[in-house]
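Note sheet for the following structure.
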Amino acid sequence: MRGAAHGYPIVLSDLSLEYPPHGASPAHVALRGLTLTIAPGEVLGLLGSAGSGKSTLAKVLSGVALDPKSPDVHPVITGGEATVLGLRLRGIPRRELPEYRFHVGYLAQDAAATLPADLTIAEIVGEPILERDRRYNRKALQTRVATMVDAVRLPLGYLDKFPYELSGGQRQRVALARALVLGPSVLIADEPTAGIDLTVRDVVAQLIVELREQHTFTALIISHDLPVLRRTADRIAVLDRGELAAIGTIEEVFHDPEHPYVMALAGALDDGHAIIDELGDGPPR
Ligand SMILES: Nc1ncnc2c1ncn2[C@@H]1O[C@H](COP(=O)(O)OP(=O)(O)OP(=O)(O)O)[C@@H](O)[C@H]1O
């Protein structure tokens with residue numbers, strides 16, 4: 001992988017993303033003119049109203065949306081540029097995608113619910129290693145997988161279990177172990193604590209903090225959960241309807257906000273709502 005542009009592992013400059021027309025759906029602009037940088041080792045939390053473009057951004061930065069031959073409808077970069085680990089993603093050649101994706105861990109929004117049902121936990125966590133190198137030494141693979149499973153605080157006895165034998169929170173930890181097993185330089189996590197029991201959310205947040213100390217990665221973490229963001233993120237960015245509404249530390253963003261959606265968020269926080277999802281869509285403009 002090339003060096004990061006200007007020392008920043010993630011640089012978004014005037015980035016616009018659009019879903020192309022498909023079936024009866026017209027083209028849809030999901031993100032408009034987003035400019036921000038994420039520094040080495042920094043964790044940026046991303047929150048915003050429903051449909052504001054957070055998952056779309058995650059899919060593009062993770063590389064899953066960049067394969068032109070994929071059968072799914074994917075967003076395309078229609079303006080500006082996203083540069084990750086020094087690689088310009090707009091028009092990235094298809095042959096460079098696998099290598100790119102090895103360097104970027106991606107925890108998709110539905111990762112815990114979509115773990116392959118017929119594979120054991122050990123096979124699921126080890127799969128990215130074998131995808132990268134089919135002839136990877138089996139003993140080293142076992143050790144690496146066991147280390148990762150231990151790092152996300154699952155008993156090693158779970159290695160031979162199947163996903164249906166685990167709780168939602170445990171499955172989320174498996175998904176996290178899989179996303180980090182290649183030691184990526186960048187982690188993109190889409191709602192890592194969504195759908196998890198309140199008591200386990202804290203454990204997952206703490207895990208991210210600890211894993212970051214051990215592995216040093218730069219991360220974009222999408223979450224509606226302010227306590228989780230307080231623990232994991234150095235700064236937060238707020239999206240509203242595809243545009244950046246605010247960026248800074250949590251205190252900076254919520255101190256004297258000017259943007260109407262951020263004002264509404266600040267009001268909800270004052271009213272004791274910690275999980276911003278409860279606010280629903282942003283106020284009408
Ligand atoms: N396959 C698709 N085709 C067309 N439009 C899409 C597609 N997927 C998502 N969109 C639209 O793009 C916009 C951004 O969606 P996205 O999933 O990125 O929002 P989000 O901020 O992650 O929302 P949420 O918090 O509800 O997950 C939405 O208006 C959504 O309807």
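Identifiers for the structure tokens are assigned positionally: chains receive A, B, ... in sequence, residues are indexed from 1 per chain, and ligands are indexed from 1 in the order shown.
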
For the interface of chain A with ligand 1 (cut-off 7 Å, counting only C-alpha atoms and all ligand atoms), please tabulate each contacting residue of chain A alongside its nearest pair of atoms and their separation in Å to one decimal, rows sorted by chain and increasing number, as a tab-separated table.
residue	atom	partner	partner_atom_place_in_ligand_line	distance
A:Tyr19	CA	ligand 1	4 (C)	5.0
A:Ser25	CA	ligand 1	4 (C)	6.8
A:Ala27	CA	ligand 1	4 (C)	6.9
A:His28	CA	ligand 1	5 (N)	5.5
A:Val29	CA	ligand 1	12 (O)	6.9
A:Ala30	CA	ligand 1	13 (C)	4.5
A:Gly48	CA	ligand 1	21 (O)	6.2
A:Ser49	CA	ligand 1	25 (O)	6.1
A:Ala50	CA	ligand 1	26 (O)	3.7
A:Gly51	CA	ligand 1	19 (O)	3.3
A:Ser52	CA	ligand 1	21 (O)	3.8
A:Gly53	CA	ligand 1	18 (O)	3.3
A:Lys54	CA	ligand 1	21 (O)	3.8
A:Ser55	CA	ligand 1	22 (O)	3.6
A:Thr56	CA	ligand 1	18 (O)	3.6
A:Leu57	CA	ligand 1	18 (O)	6.4
A:Val73	CA	ligand 1	1 (N)	5.1
A:His74	CA	ligand 1	1 (N)	6.2

Requested in this report: Would you please give, as a ChimeraX atom specification, all residues of stretch 96-234 of chain A that DSSP assigns to helix (DSSP H, G or I) based on the backbone?
Outcome: /A:96-103,121-132,138-151,156-160,163-165,168-180,198-215,226-232

Query - Who sits within 8 Å of A:Asp118, only C-alpha atoms, same chain under 2 positions skipped, as a PyMOL selection string - result: chain A and resi 116+120+162

Report task. Find the distance between atom CA of A:Thr83 and atom CA of A:Ala245 and write it in Å to one decimal. Result ->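 Distance reported for this atom pair: 21.3 Å.
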
Report task. To one decimal in Å, tell me the separation between atom CA of A:Ala266 and atom CA of A:Val253. Result -> 8.8 Å

Requested in this report: Return as an NGL selection string the full set of residues in stretch 28-151 of chain A whose backbone-based DSSP assignment is strand (DSSP E or B).
Outcome: :A and (28-38 or 43-48 or 76-84 or 87-88 or 104-107)
